[in-house]
Amino acid sequence: MEHVDGNALAGPLAEFFSFDATTATARCNGCGAIGELARAMVYRSGAGTVVRCSSCDHVLATLVETAGRAWIGLSGISAIEVPRGPATSSG
Amino acid sequence: MSEAVAQRPESNAPSAVPPSAALRAVPRSGWHVATVASTRRETPNASRLELDVDGWPGNAAGQHLDVRLTAPDGYTATRSYSIASSGTGTRVTLAVDKLPDGEVSPYLVDEVRGGDMLEVHGPLGAFFVWAPDAAAAGDSDGDDTGGPTAGTRPVQLIAGGSGVVPLFAMAAAHGAVADSTPFRLLYSVRSPDDVYFADELQRLAEASAPLRLDLVYTRRAPDGWPSSPARITREVLETAVIPAAERPRVFVCGSTGFVERVADWLVELGHDARSIRTERYGGT
Amino acid sequence: MSFITRGFSGRSRDRDDRLPPGQTLVPDFPVLSAGPTPEVDTAEWEFTIRTESGVHRWNWDEFMALAIEDVDTDIHCVTHWSKLGTNWRGVSLDTLFEHVETEREFVMAHSYGGYTTNVPLDELLGGKAWVAFEFDGEPLEPEHGGPARLLVPHLYFWKSAKWVRGLLMMDEDEPGFWEQNGYHLHGDPWTEERYW
């Protein structure tokens, strides 16, 4: 079965996050690899979307969408990092 | 950056922290109603759609949107399409390839006409984008220390078939502001009839912003073309891609198989995997 | 703000009284996968049932020596497609559990490739479930779960785990792969137990 890139998650993830989460960096629970979600492997089927680590195939996340509801499972991700700008107040 | 590190813990309240440049660099996405302004054949198998999108916040070059179609019985189908245009306006250009077994693309290519309304979600994706600004959105290649800045690193675009759409948006954005970054586009396409944005690409290649265009025909080449039709090989990549020594930022878009082959060869040819960004498009 | 798209009907969706609510007939056999298709050689394949007292194990040859049944059944996928009158060959779970002693009432099916799905044991016994290795007279193709898949046709088809390699007996019902992420623990198509 063919996969696409994590870029394709931008739309579905917008239901859950207020920023573009595909640029966020995640750590795989399986092998410890760290990379942008945009670089993960995405398998889409009618049942749902499965996001896998591009290093080890481990399931990072699942997305299930219906007409009225959506679920995200992040069982394979130990941490997510987002970039932040410099603080406005001096530290 | 050092300011953020030096920040006191109590100033970590979300309200005290502005969104970073990377998160701000692309407009906020949302659902919008698009009215089809015009549609025309782009190639024998594809249509170009001009959409006027109510409330569209503009988009960066390389972003995509999701189109949701709803049938009278409530059935919906949603697919992603790369945007061929960029900038601040509410006019959005798509070029849609008709997939033989598709559900949405045949509708967009054959059925849609001017005045129709579509639901679109976007603009989407801050990773597969290029902006003339040196601090390009999501440019976290991470290997910039000591080298030229991201803004002056050359840009190599590699397209397979309809994968040219977001790369055309990047080349057009580059041309529109006469950006001096060296650009090169390697475009693998079945035949001369299947070239998307053929006239526009020709004009961009002749304009002041540096863009070198390399076409590879896989099934039928124009008369007098120096090489016979063939798929892209590692050898072609070696000659028609900015060498790894010049540390280009590389964007590859095409079918899953195309992207996989090209990305593997690029790494073999010495390109840093972190400087390669890919966008595979799936079936249907 | 959703509105009907002029001129769009989607793929044809036929209606039939034999279909559970919300289902439509398909002529083909859609493939639903959560990842790459595992390639499992029958020389390496084995099937296990793990209970509180131990492990029951069959290799491919031992499995083929069990009583094999022909199964004629309708299948219903949660993604709204159904196929009527599909033909399978496989070993009944009644046969596999013949010599298995367990007090545990719940099952987690495990697959090559890591997929899991949960089913109560009484939903697998009494002529309701098989481990199938043939579809339409041909060896089950890898993309449809070959060499062998679970076949529980009275539940939504995600319960019919592809590439099945074993059953783990559990004291409590626990959610499998999709059941952890929105899908219904039980999955009866006639009462539309699709999601939580």
# chains A, B, ... in the order shown; residues from 1 in each chain; ligands from 1
$ select_by_dssp --residues "chain A" --states "strand (DSSP E or B)" --output "PyMOL selection string"
chain A and resi 4-5+25-28+34-36+41-45+48-52+59-65+70-73+77-81+84
$ write_last_selection --atoms "N, CA and C atoms" --output "short mmCIF file (atom, residue, chain, number, x, y, z; two decimals), in the first residue's frame"
data_model
loop_
_atom_site.label_atom_id
_atom_site.label_comp_id
_atom_site.auth_asym_id
_atom_site.auth_seq_id
_atom_site.Cartn_x
_atom_site.Cartn_y
_atom_site.Cartn_z
N VAL A 4 1.74 8.56 1.64
CA VAL A 4 2.08 9.92 1.26
C VAL A 4 2.88 10.53 2.42
N ASP A 5 3.24 11.83 2.27
CA ASP A 5 4.03 12.48 3.31
C ASP A 5 3.14 13.09 4.38
N THR A 25 8.02 19.03 15.55
CA THR A 25 8.95 17.90 15.60
C THR A 25 8.47 16.91 16.66
N ALA A 26 8.47 15.63 16.31
CA ALA A 26 8.00 14.62 17.24
C ALA A 26 9.07 13.56 17.45
N ARG A 27 9.05 12.95 18.63
CA ARG A 27 9.99 11.86 18.92
C ARG A 27 9.23 10.54 18.90
N CYS A 28 9.76 9.59 18.13
CA CYS A 28 9.11 8.28 17.99
C CYS A 28 9.36 7.44 19.23
N ILE A 34 13.81 11.58 15.79
CA ILE A 34 13.16 12.87 15.96
C ILE A 34 13.04 13.51 14.58
N GLY A 35 11.84 13.93 14.22
CA GLY A 35 11.67 14.57 12.92
C GLY A 35 10.36 15.30 12.83
N GLU A 36 10.25 16.18 11.81
CA GLU A 36 9.01 16.90 11.60
C GLU A 36 7.91 15.92 11.21
N MET A 41 5.45 9.06 7.46
CA MET A 41 4.75 8.34 6.40
C MET A 41 3.27 8.25 6.77
N VAL A 42 2.42 8.57 5.82
CA VAL A 42 0.99 8.62 6.10
C VAL A 42 0.26 7.60 5.23
N TYR A 43 -0.43 6.68 5.89
CA TYR A 43 -1.24 5.68 5.19
C TYR A 43 -2.70 6.06 5.38
N ARG A 44 -3.41 6.26 4.28
CA ARG A 44 -4.80 6.68 4.37
C ARG A 44 -5.71 5.58 3.89
N SER A 45 -6.78 5.33 4.65
CA SER A 45 -7.79 4.41 4.17
C SER A 45 -9.12 4.93 4.66
N GLY A 48 -9.42 5.19 8.45
CA GLY A 48 -8.71 6.22 9.17
C GLY A 48 -7.33 6.41 8.59
N THR A 49 -6.59 7.32 9.20
CA THR A 49 -5.25 7.65 8.74
C THR A 49 -4.25 7.18 9.78
N VAL A 50 -3.21 6.48 9.33
CA VAL A 50 -2.19 6.00 10.25
C VAL A 50 -0.87 6.69 9.88
N VAL A 51 -0.24 7.31 10.87
CA VAL A 51 1.01 8.02 10.67
C VAL A 51 2.12 7.15 11.24
N ARG A 52 3.12 6.85 10.40
CA ARG A 52 4.20 5.97 10.85
C ARG A 52 5.54 6.67 10.77
N VAL A 59 3.95 2.96 14.59
CA VAL A 59 2.78 3.84 14.49
C VAL A 59 2.96 5.03 15.43
N LEU A 60 2.99 6.24 14.87
CA LEU A 60 3.11 7.45 15.67
C LEU A 60 1.74 7.96 16.10
N ALA A 61 0.81 7.98 15.15
CA ALA A 61 -0.48 8.59 15.43
C ALA A 61 -1.55 8.00 14.53
N THR A 62 -2.79 8.10 14.99
CA THR A 62 -3.93 7.69 14.16
C THR A 62 -4.94 8.81 14.15
N LEU A 63 -5.60 8.94 13.02
CA LEU A 63 -6.66 9.94 12.87
C LEU A 63 -7.89 9.25 12.33
N VAL A 64 -9.02 9.48 12.99
CA VAL A 64 -10.29 8.93 12.52
C VAL A 64 -11.26 10.10 12.37
N GLU A 65 -11.88 10.20 11.20
CA GLU A 65 -12.79 11.32 10.95
C GLU A 65 -14.14 10.81 10.48
N ALA A 70 -14.16 13.75 15.13
CA ALA A 70 -12.81 13.36 14.73
C ALA A 70 -12.02 12.96 15.96
N TRP A 71 -11.15 11.96 15.80
CA TRP A 71 -10.31 11.48 16.90
C TRP A 71 -8.85 11.54 16.46
N ILE A 72 -7.98 11.86 17.40
CA ILE A 72 -6.56 11.71 17.14
C ILE A 72 -5.95 10.89 18.27
N GLY A 73 -5.15 9.89 17.91
CA GLY A 73 -4.42 9.10 18.89
C GLY A 73 -2.94 9.36 18.69
N ILE A 77 3.99 8.70 20.02
CA ILE A 77 4.83 9.90 20.11
C ILE A 77 5.11 10.20 21.56
N SER A 78 6.39 10.28 21.92
CA SER A 78 6.71 10.54 23.32
C SER A 78 6.72 12.02 23.62
N ALA A 79 7.01 12.84 22.62
CA ALA A 79 7.00 14.28 22.85
C ALA A 79 6.89 15.01 21.52
N ILE A 80 6.28 16.18 21.56
CA ILE A 80 6.19 17.04 20.38
C ILE A 80 6.84 18.37 20.73
N GLU A 81 7.66 18.88 19.79
CA GLU A 81 8.32 20.16 19.98
C GLU A 81 7.77 21.15 18.98
N ARG A 84 9.31 28.34 18.94
CA ARG A 84 8.76 29.53 19.58
C ARG A 84 9.62 30.72 19.20
#
$ residues_around --residues "range 176-190 of chain B" --least-positions-apart "2" --cutoff "6 Å" --atoms "only C-alpha atoms" --output "PDB file with N, CA and C atoms, in the first residue's frame"
ATOM      1  N   THR B 152      20.191  32.498   0.404  1.00  0.00           N
ATOM      2  CA  THR B 152      21.062  32.482  -0.758  1.00  0.00           C
ATOM      3  C   THR B 152      21.420  31.074  -1.206  1.00  0.00           C
ATOM      4  N   PRO B 154      20.949  27.918  -3.225  1.00  0.00           N
ATOM      5  CA  PRO B 154      20.147  27.701  -4.434  1.00  0.00           C
ATOM      6  C   PRO B 154      19.009  26.728  -4.158  1.00  0.00           C
ATOM      7  N   VAL B 155      18.009  26.794  -5.020  1.00  0.00           N
ATOM      8  CA  VAL B 155      16.825  25.962  -4.837  1.00  0.00           C
ATOM      9  C   VAL B 155      16.654  25.055  -6.045  1.00  0.00           C
ATOM     10  N   GLN B 156      16.574  23.778  -5.804  1.00  0.00           N
ATOM     11  CA  GLN B 156      16.337  22.793  -6.850  1.00  0.00           C
ATOM     12  C   GLN B 156      14.933  22.243  -6.703  1.00  0.00           C
ATOM     13  N   LEU B 157      14.141  22.361  -7.761  1.00  0.00           N
ATOM     14  CA  LEU B 157      12.785  21.816  -7.767  1.00  0.00           C
ATOM     15  C   LEU B 157      12.775  20.594  -8.682  1.00  0.00           C
ATOM     16  N   ILE B 158      12.145  19.507  -8.247  1.00  0.00           N
ATOM     17  CA  ILE B 158      12.084  18.293  -9.070  1.00  0.00           C
ATOM     18  C   ILE B 158      10.645  17.804  -9.098  1.00  0.00           C
ATOM     19  N   ALA B 159      10.053  17.802 -10.308  1.00  0.00           N
ATOM     20  CA  ALA B 159       8.637  17.486 -10.446  1.00  0.00           C
ATOM     21  C   ALA B 159       8.430  16.238 -11.276  1.00  0.00           C
ATOM     22  N   GLY B 160       7.502  15.397 -10.842  1.00  0.00           N
ATOM     23  CA  GLY B 160       7.039  14.285 -11.655  1.00  0.00           C
ATOM     24  C   GLY B 160       5.584  14.527 -12.011  1.00  0.00           C
ATOM     25  N   GLY B 161       5.282  14.705 -13.307  1.00  0.00           N
ATOM     26  CA  GLY B 161       3.895  14.870 -13.749  1.00  0.00           C
ATOM     27  C   GLY B 161       3.207  16.040 -13.082  1.00  0.00           C
ATOM     28  N   ALA B 172       7.065  30.675  -9.692  1.00  0.00           N
ATOM     29  CA  ALA B 172       6.331  31.893 -10.038  1.00  0.00           C
ATOM     30  C   ALA B 172       6.523  32.957  -8.956  1.00  0.00           C
ATOM     31  N   ALA B 173       6.527  32.531  -7.675  1.00  0.00           N
ATOM     32  CA  ALA B 173       6.739  33.482  -6.580  1.00  0.00           C
ATOM     33  C   ALA B 173       8.142  34.076  -6.663  1.00  0.00           C
ATOM     34  N   HIS B 174       9.078  33.237  -7.020  1.00  0.00           N
ATOM     35  CA  HIS B 174      10.474  33.650  -7.196  1.00  0.00           C
ATOM     36  C   HIS B 174      10.585  34.666  -8.328  1.00  0.00           C
ATOM     37  N   ALA B 209      14.686  36.790 -12.847  1.00  0.00           N
ATOM     38  CA  ALA B 209      14.995  35.895 -11.723  1.00  0.00           C
ATOM     39  C   ALA B 209      15.583  34.613 -12.298  1.00  0.00           C
ATOM     40  N   PRO B 210      16.723  34.177 -11.771  1.00  0.00           N
ATOM     41  CA  PRO B 210      17.398  33.031 -12.401  1.00  0.00           C
ATOM     42  C   PRO B 210      16.645  31.713 -12.207  1.00  0.00           C
ATOM     43  N   LEU B 211      16.129  31.171 -13.310  1.00  0.00           N
ATOM     44  CA  LEU B 211      15.482  29.853 -13.284  1.00  0.00           C
ATOM     45  C   LEU B 211      15.956  29.063 -14.485  1.00  0.00           C
ATOM     46  N   ARG B 212      16.545  27.925 -14.232  1.00  0.00           N
ATOM     47  CA  ARG B 212      16.910  27.039 -15.337  1.00  0.00           C
ATOM     48  C   ARG B 212      15.902  25.907 -15.377  1.00  0.00           C
ATOM     49  N   LEU B 213      15.363  25.665 -16.562  1.00  0.00           N
ATOM     50  CA  LEU B 213      14.323  24.664 -16.738  1.00  0.00           C
ATOM     51  C   LEU B 213      14.887  23.459 -17.489  1.00  0.00           C
ATOM     52  N   ASP B 214      14.784  22.277 -16.900  1.00  0.00           N
ATOM     53  CA  ASP B 214      15.210  21.042 -17.562  1.00  0.00           C
ATOM     54  C   ASP B 214      14.006  20.123 -17.683  1.00  0.00           C
ATOM     55  N   LEU B 215      13.610  19.791 -18.909  1.00  0.00           N
ATOM     56  CA  LEU B 215      12.482  18.891 -19.132  1.00  0.00           C
ATOM     57  C   LEU B 215      12.980  17.506 -19.493  1.00  0.00           C
ATOM     58  N   VAL B 216      12.348  16.500 -18.900  1.00  0.00           N
ATOM     59  CA  VAL B 216      12.642  15.112 -19.258  1.00  0.00           C
ATOM     60  C   VAL B 216      11.333  14.484 -19.731  1.00  0.00           C
ATOM     61  N   TYR B 217      11.320  14.007 -20.983  1.00  0.00           N
ATOM     62  CA  TYR B 217      10.098  13.383 -21.513  1.00  0.00           C
ATOM     63  C   TYR B 217      10.181  11.876 -21.330  1.00  0.00           C
ATOM     64  N   THR B 218       9.119  11.295 -20.779  1.00  0.00           N
ATOM     65  CA  THR B 218       9.186   9.859 -20.468  1.00  0.00           C
ATOM     66  C   THR B 218       8.556   8.987 -21.547  1.00  0.00           C
ATOM     67  N   ARG B 219       7.616   9.527 -22.360  1.00  0.00           N
ATOM     68  CA  ARG B 219       6.954   8.704 -23.387  1.00  0.00           C
ATOM     69  C   ARG B 219       7.185   9.228 -24.797  1.00  0.00           C
TER      70      ARG B 219
END
$ closest_residue --among "B:Ala207, B:Phe128, B:Leu118, B:Ser191" --to "Arg39 in chain A" --atoms "only C-alpha atoms"
B:Phe128
$ interface_residues --of "chain A" --to "chain B" --cutoff "9 Å" --atoms "only C-alpha atoms" --output "JSON, numbers by chain"
{"A": [2, 3, 4, 5, 6, 7, 8, 9, 10, 11, 14, 18, 19, 20, 21, 22, 23, 36, 38, 39, 44, 67, 82, 83, 84, 85, 86, 87, 88, 89, 90, 91]}
$ interface_residues --of "chain C" --to "chain A" --cutoff "8 Å" --atoms "only C-alpha atoms" --output "PyMOL selection string"
chain C and resi 32-37+78-79+143+180-182
$ decode --residues "range 63-108 of chain C" --atoms "N, CA and C atoms" --output "PDB file, in the first residue's frame"
ATOM      1  N   PHE C  63      -1.891 -26.665  10.580  1.00  0.00           N
ATOM      2  CA  PHE C  63      -3.133 -25.913  10.405  1.00  0.00           C
ATOM      3  C   PHE C  63      -3.953 -26.486   9.246  1.00  0.00           C
ATOM      4  N   MET C  64      -3.270 -26.816   8.148  1.00  0.00           N
ATOM      5  CA  MET C  64      -3.936 -27.352   6.962  1.00  0.00           C
ATOM      6  C   MET C  64      -4.496 -28.756   7.208  1.00  0.00           C
ATOM      7  N   ALA C  65      -3.988 -29.424   8.250  1.00  0.00           N
ATOM      8  CA  ALA C  65      -4.477 -30.776   8.555  1.00  0.00           C
ATOM      9  C   ALA C  65      -5.760 -30.734   9.395  1.00  0.00           C
ATOM     10  N   LEU C  66      -6.168 -29.524   9.832  1.00  0.00           N
ATOM     11  CA  LEU C  66      -7.408 -29.402  10.616  1.00  0.00           C
ATOM     12  C   LEU C  66      -8.618 -29.471   9.687  1.00  0.00           C
ATOM     13  N   ALA C  67      -9.799 -29.609  10.279  1.00  0.00           N
ATOM     14  CA  ALA C  67     -11.035 -29.634   9.478  1.00  0.00           C
ATOM     15  C   ALA C  67     -11.219 -28.278   8.794  1.00  0.00           C
ATOM     16  N   ILE C  68     -11.348 -28.322   7.467  1.00  0.00           N
ATOM     17  CA  ILE C  68     -11.471 -27.082   6.692  1.00  0.00           C
ATOM     18  C   ILE C  68     -12.912 -26.921   6.229  1.00  0.00           C
ATOM     19  N   GLU C  69     -13.446 -25.704   6.379  1.00  0.00           N
ATOM     20  CA  GLU C  69     -14.848 -25.455   6.037  1.00  0.00           C
ATOM     21  C   GLU C  69     -14.956 -24.455   4.893  1.00  0.00           C
ATOM     22  N   ASP C  70     -16.033 -24.619   4.088  1.00  0.00           N
ATOM     23  CA  ASP C  70     -16.391 -23.611   3.090  1.00  0.00           C
ATOM     24  C   ASP C  70     -17.367 -22.645   3.738  1.00  0.00           C
ATOM     25  N   VAL C  71     -17.125 -21.368   3.556  1.00  0.00           N
ATOM     26  CA  VAL C  71     -17.952 -20.342   4.193  1.00  0.00           C
ATOM     27  C   VAL C  71     -18.514 -19.426   3.120  1.00  0.00           C
ATOM     28  N   ASP C  72     -19.840 -19.290   3.116  1.00  0.00           N
ATOM     29  CA  ASP C  72     -20.547 -18.388   2.209  1.00  0.00           C
ATOM     30  C   ASP C  72     -21.141 -17.282   3.068  1.00  0.00           C
ATOM     31  N   THR C  73     -20.695 -16.053   2.894  1.00  0.00           N
ATOM     32  CA  THR C  73     -21.173 -15.035   3.835  1.00  0.00           C
ATOM     33  C   THR C  73     -21.134 -13.637   3.233  1.00  0.00           C
ATOM     34  N   ASP C  74     -21.896 -12.735   3.864  1.00  0.00           N
ATOM     35  CA  ASP C  74     -21.845 -11.316   3.504  1.00  0.00           C
ATOM     36  C   ASP C  74     -20.837 -10.630   4.414  1.00  0.00           C
ATOM     37  N   ILE C  75     -20.149  -9.632   3.884  1.00  0.00           N
ATOM     38  CA  ILE C  75     -19.219  -8.879   4.728  1.00  0.00           C
ATOM     39  C   ILE C  75     -19.556  -7.391   4.660  1.00  0.00           C
ATOM     40  N   HIS C  76     -19.354  -6.720   5.790  1.00  0.00           N
ATOM     41  CA  HIS C  76     -19.759  -5.324   5.943  1.00  0.00           C
ATOM     42  C   HIS C  76     -18.619  -4.505   6.531  1.00  0.00           C
ATOM     43  N   CYS C  77     -18.143  -3.548   5.768  1.00  0.00           N
ATOM     44  CA  CYS C  77     -17.042  -2.704   6.241  1.00  0.00           C
ATOM     45  C   CYS C  77     -17.612  -1.433   6.859  1.00  0.00           C
ATOM     46  N   VAL C  78     -16.978  -0.963   7.906  1.00  0.00           N
ATOM     47  CA  VAL C  78     -17.463   0.244   8.595  1.00  0.00           C
ATOM     48  C   VAL C  78     -17.407   1.461   7.685  1.00  0.00           C
ATOM     49  N   THR C  79     -16.608   1.393   6.624  1.00  0.00           N
ATOM     50  CA  THR C  79     -16.539   2.509   5.688  1.00  0.00           C
ATOM     51  C   THR C  79     -17.692   2.468   4.691  1.00  0.00           C
ATOM     52  N   HIS C  80     -18.765   1.769   5.058  1.00  0.00           N
ATOM     53  CA  HIS C  80     -20.066   1.815   4.369  1.00  0.00           C
ATOM     54  C   HIS C  80     -20.174   0.916   3.150  1.00  0.00           C
ATOM     55  N   TRP C  81     -19.157   0.089   2.861  1.00  0.00           N
ATOM     56  CA  TRP C  81     -19.364  -0.853   1.751  1.00  0.00           C
ATOM     57  C   TRP C  81     -19.658  -2.243   2.292  1.00  0.00           C
ATOM     58  N   SER C  82     -20.435  -2.995   1.526  1.00  0.00           N
ATOM     59  CA  SER C  82     -20.737  -4.393   1.835  1.00  0.00           C
ATOM     60  C   SER C  82     -20.576  -5.211   0.573  1.00  0.00           C
ATOM     61  N   LYS C  83     -20.225  -6.472   0.750  1.00  0.00           N
ATOM     62  CA  LYS C  83     -20.241  -7.449  -0.347  1.00  0.00           C
ATOM     63  C   LYS C  83     -21.124  -8.600   0.096  1.00  0.00           C
ATOM     64  N   LEU C  84     -22.009  -9.050  -0.794  1.00  0.00           N
ATOM     65  CA  LEU C  84     -22.908 -10.155  -0.464  1.00  0.00           C
ATOM     66  C   LEU C  84     -22.372 -11.444  -1.088  1.00  0.00           C
ATOM     67  N   GLY C  85     -22.572 -12.565  -0.378  1.00  0.00           N
ATOM     68  CA  GLY C  85     -22.240 -13.875  -0.936  1.00  0.00           C
ATOM     69  C   GLY C  85     -20.778 -14.081  -1.250  1.00  0.00           C
ATOM     70  N   THR C  86     -19.886 -13.694  -0.355  1.00  0.00           N
ATOM     71  CA  THR C  86     -18.462 -13.953  -0.590  1.00  0.00           C
ATOM     72  C   THR C  86     -18.125 -15.388  -0.169  1.00  0.00           C
ATOM     73  N   ASN C  87     -17.143 -15.978  -0.853  1.00  0.00           N
ATOM     74  CA  ASN C  87     -16.763 -17.376  -0.597  1.00  0.00           C
ATOM     75  C   ASN C  87     -15.373 -17.465   0.010  1.00  0.00           C
ATOM     76  N   TRP C  88     -15.296 -18.188   1.114  1.00  0.00           N
ATOM     77  CA  TRP C  88     -14.034 -18.339   1.831  1.00  0.00           C
ATOM     78  C   TRP C  88     -13.817 -19.797   2.179  1.00  0.00           C
ATOM     79  N   ARG C  89     -12.568 -20.181   2.432  1.00  0.00           N
ATOM     80  CA  ARG C  89     -12.266 -21.468   3.062  1.00  0.00           C
ATOM     81  C   ARG C  89     -11.367 -21.199   4.248  1.00  0.00           C
ATOM     82  N   GLY C  90     -11.632 -21.915   5.334  1.00  0.00           N
ATOM     83  CA  GLY C  90     -10.819 -21.692   6.514  1.00  0.00           C
ATOM     84  C   GLY C  90     -11.158 -22.677   7.605  1.00  0.00           C
ATOM     85  N   VAL C  91     -10.528 -22.480   8.750  1.00  0.00           N
ATOM     86  CA  VAL C  91     -10.717 -23.357   9.900  1.00  0.00           C
ATOM     87  C   VAL C  91     -11.591 -22.613  10.907  1.00  0.00           C
ATOM     88  N   SER C  92     -12.651 -23.277  11.360  1.00  0.00           N
ATOM     89  CA  SER C  92     -13.551 -22.666  12.322  1.00  0.00           C
ATOM     90  C   SER C  92     -12.839 -22.437  13.651  1.00  0.00           C
ATOM     91  N   LEU C  93     -13.185 -21.348  14.318  1.00  0.00           N
ATOM     92  CA  LEU C  93     -12.624 -21.106  15.654  1.00  0.00           C
ATOM     93  C   LEU C  93     -13.087 -22.187  16.636  1.00  0.00           C
ATOM     94  N   ASP C  94     -14.265 -22.792  16.361  1.00  0.00           N
ATOM     95  CA  ASP C  94     -14.712 -23.913  17.200  1.00  0.00           C
ATOM     96  C   ASP C  94     -13.674 -25.039  17.162  1.00  0.00           C
ATOM     97  N   THR C  95     -13.139 -25.318  15.978  1.00  0.00           N
ATOM     98  CA  THR C  95     -12.109 -26.352  15.836  1.00  0.00           C
ATOM     99  C   THR C  95     -10.842 -25.970  16.590  1.00  0.00           C
ATOM    100  N   LEU C  96     -10.435 -24.703  16.438  1.00  0.00           N
ATOM    101  CA  LEU C  96      -9.195 -24.267  17.079  1.00  0.00           C
ATOM    102  C   LEU C  96      -9.310 -24.277  18.600  1.00  0.00           C
ATOM    103  N   PHE C  97     -10.519 -24.000  19.114  1.00  0.00           N
ATOM    104  CA  PHE C  97     -10.697 -23.938  20.573  1.00  0.00           C
ATOM    105  C   PHE C  97     -11.098 -25.285  21.182  1.00  0.00           C
ATOM    106  N   GLU C  98     -11.184 -26.349  20.319  1.00  0.00           N
ATOM    107  CA  GLU C  98     -11.668 -27.640  20.798  1.00  0.00           C
ATOM    108  C   GLU C  98     -10.916 -28.135  22.027  1.00  0.00           C
ATOM    109  N   HIS C  99      -9.584 -27.976  22.027  1.00  0.00           N
ATOM    110  CA  HIS C  99      -8.792 -28.486  23.144  1.00  0.00           C
ATOM    111  C   HIS C  99      -8.202 -27.360  23.992  1.00  0.00           C
ATOM    112  N   VAL C 100      -8.779 -26.163  23.866  1.00  0.00           N
ATOM    113  CA  VAL C 100      -8.281 -25.020  24.633  1.00  0.00           C
ATOM    114  C   VAL C 100      -9.163 -24.825  25.854  1.00  0.00           C
ATOM    115  N   GLU C 101      -8.533 -24.894  27.037  1.00  0.00           N
ATOM    116  CA  GLU C 101      -9.264 -24.654  28.285  1.00  0.00           C
ATOM    117  C   GLU C 101      -8.949 -23.243  28.745  1.00  0.00           C
ATOM    118  N   THR C 102      -9.976 -22.411  28.919  1.00  0.00           N
ATOM    119  CA  THR C 102      -9.732 -21.064  29.435  1.00  0.00           C
ATOM    120  C   THR C 102     -10.963 -20.546  30.145  1.00  0.00           C
ATOM    121  N   GLU C 103     -10.724 -19.801  31.216  1.00  0.00           N
ATOM    122  CA  GLU C 103     -11.806 -19.130  31.928  1.00  0.00           C
ATOM    123  C   GLU C 103     -11.989 -17.710  31.396  1.00  0.00           C
ATOM    124  N   ARG C 104     -11.049 -17.262  30.598  1.00  0.00           N
ATOM    125  CA  ARG C 104     -11.068 -15.865  30.128  1.00  0.00           C
ATOM    126  C   ARG C 104     -12.087 -15.697  29.002  1.00  0.00           C
ATOM    127  N   GLU C 105     -12.802 -14.594  29.014  1.00  0.00           N
ATOM    128  CA  GLU C 105     -13.941 -14.431  28.107  1.00  0.00           C
ATOM    129  C   GLU C 105     -13.680 -13.463  26.963  1.00  0.00           C
ATOM    130  N   PHE C 106     -12.499 -12.820  26.971  1.00  0.00           N
ATOM    131  CA  PHE C 106     -12.241 -11.830  25.923  1.00  0.00           C
ATOM    132  C   PHE C 106     -10.972 -12.167  25.157  1.00  0.00           C
ATOM    133  N   VAL C 107     -10.941 -11.742  23.887  1.00  0.00           N
ATOM    134  CA  VAL C 107      -9.854 -12.118  22.991  1.00  0.00           C
ATOM    135  C   VAL C 107      -9.269 -10.857  22.370  1.00  0.00           C
ATOM    136  N   MET C 108      -7.934 -10.803  22.313  1.00  0.00           N
ATOM    137  CA  MET C 108      -7.279  -9.801  21.480  1.00  0.00           C
ATOM    138  C   MET C 108      -6.603 -10.537  20.339  1.00  0.00           C
TER     139      MET C 108
END
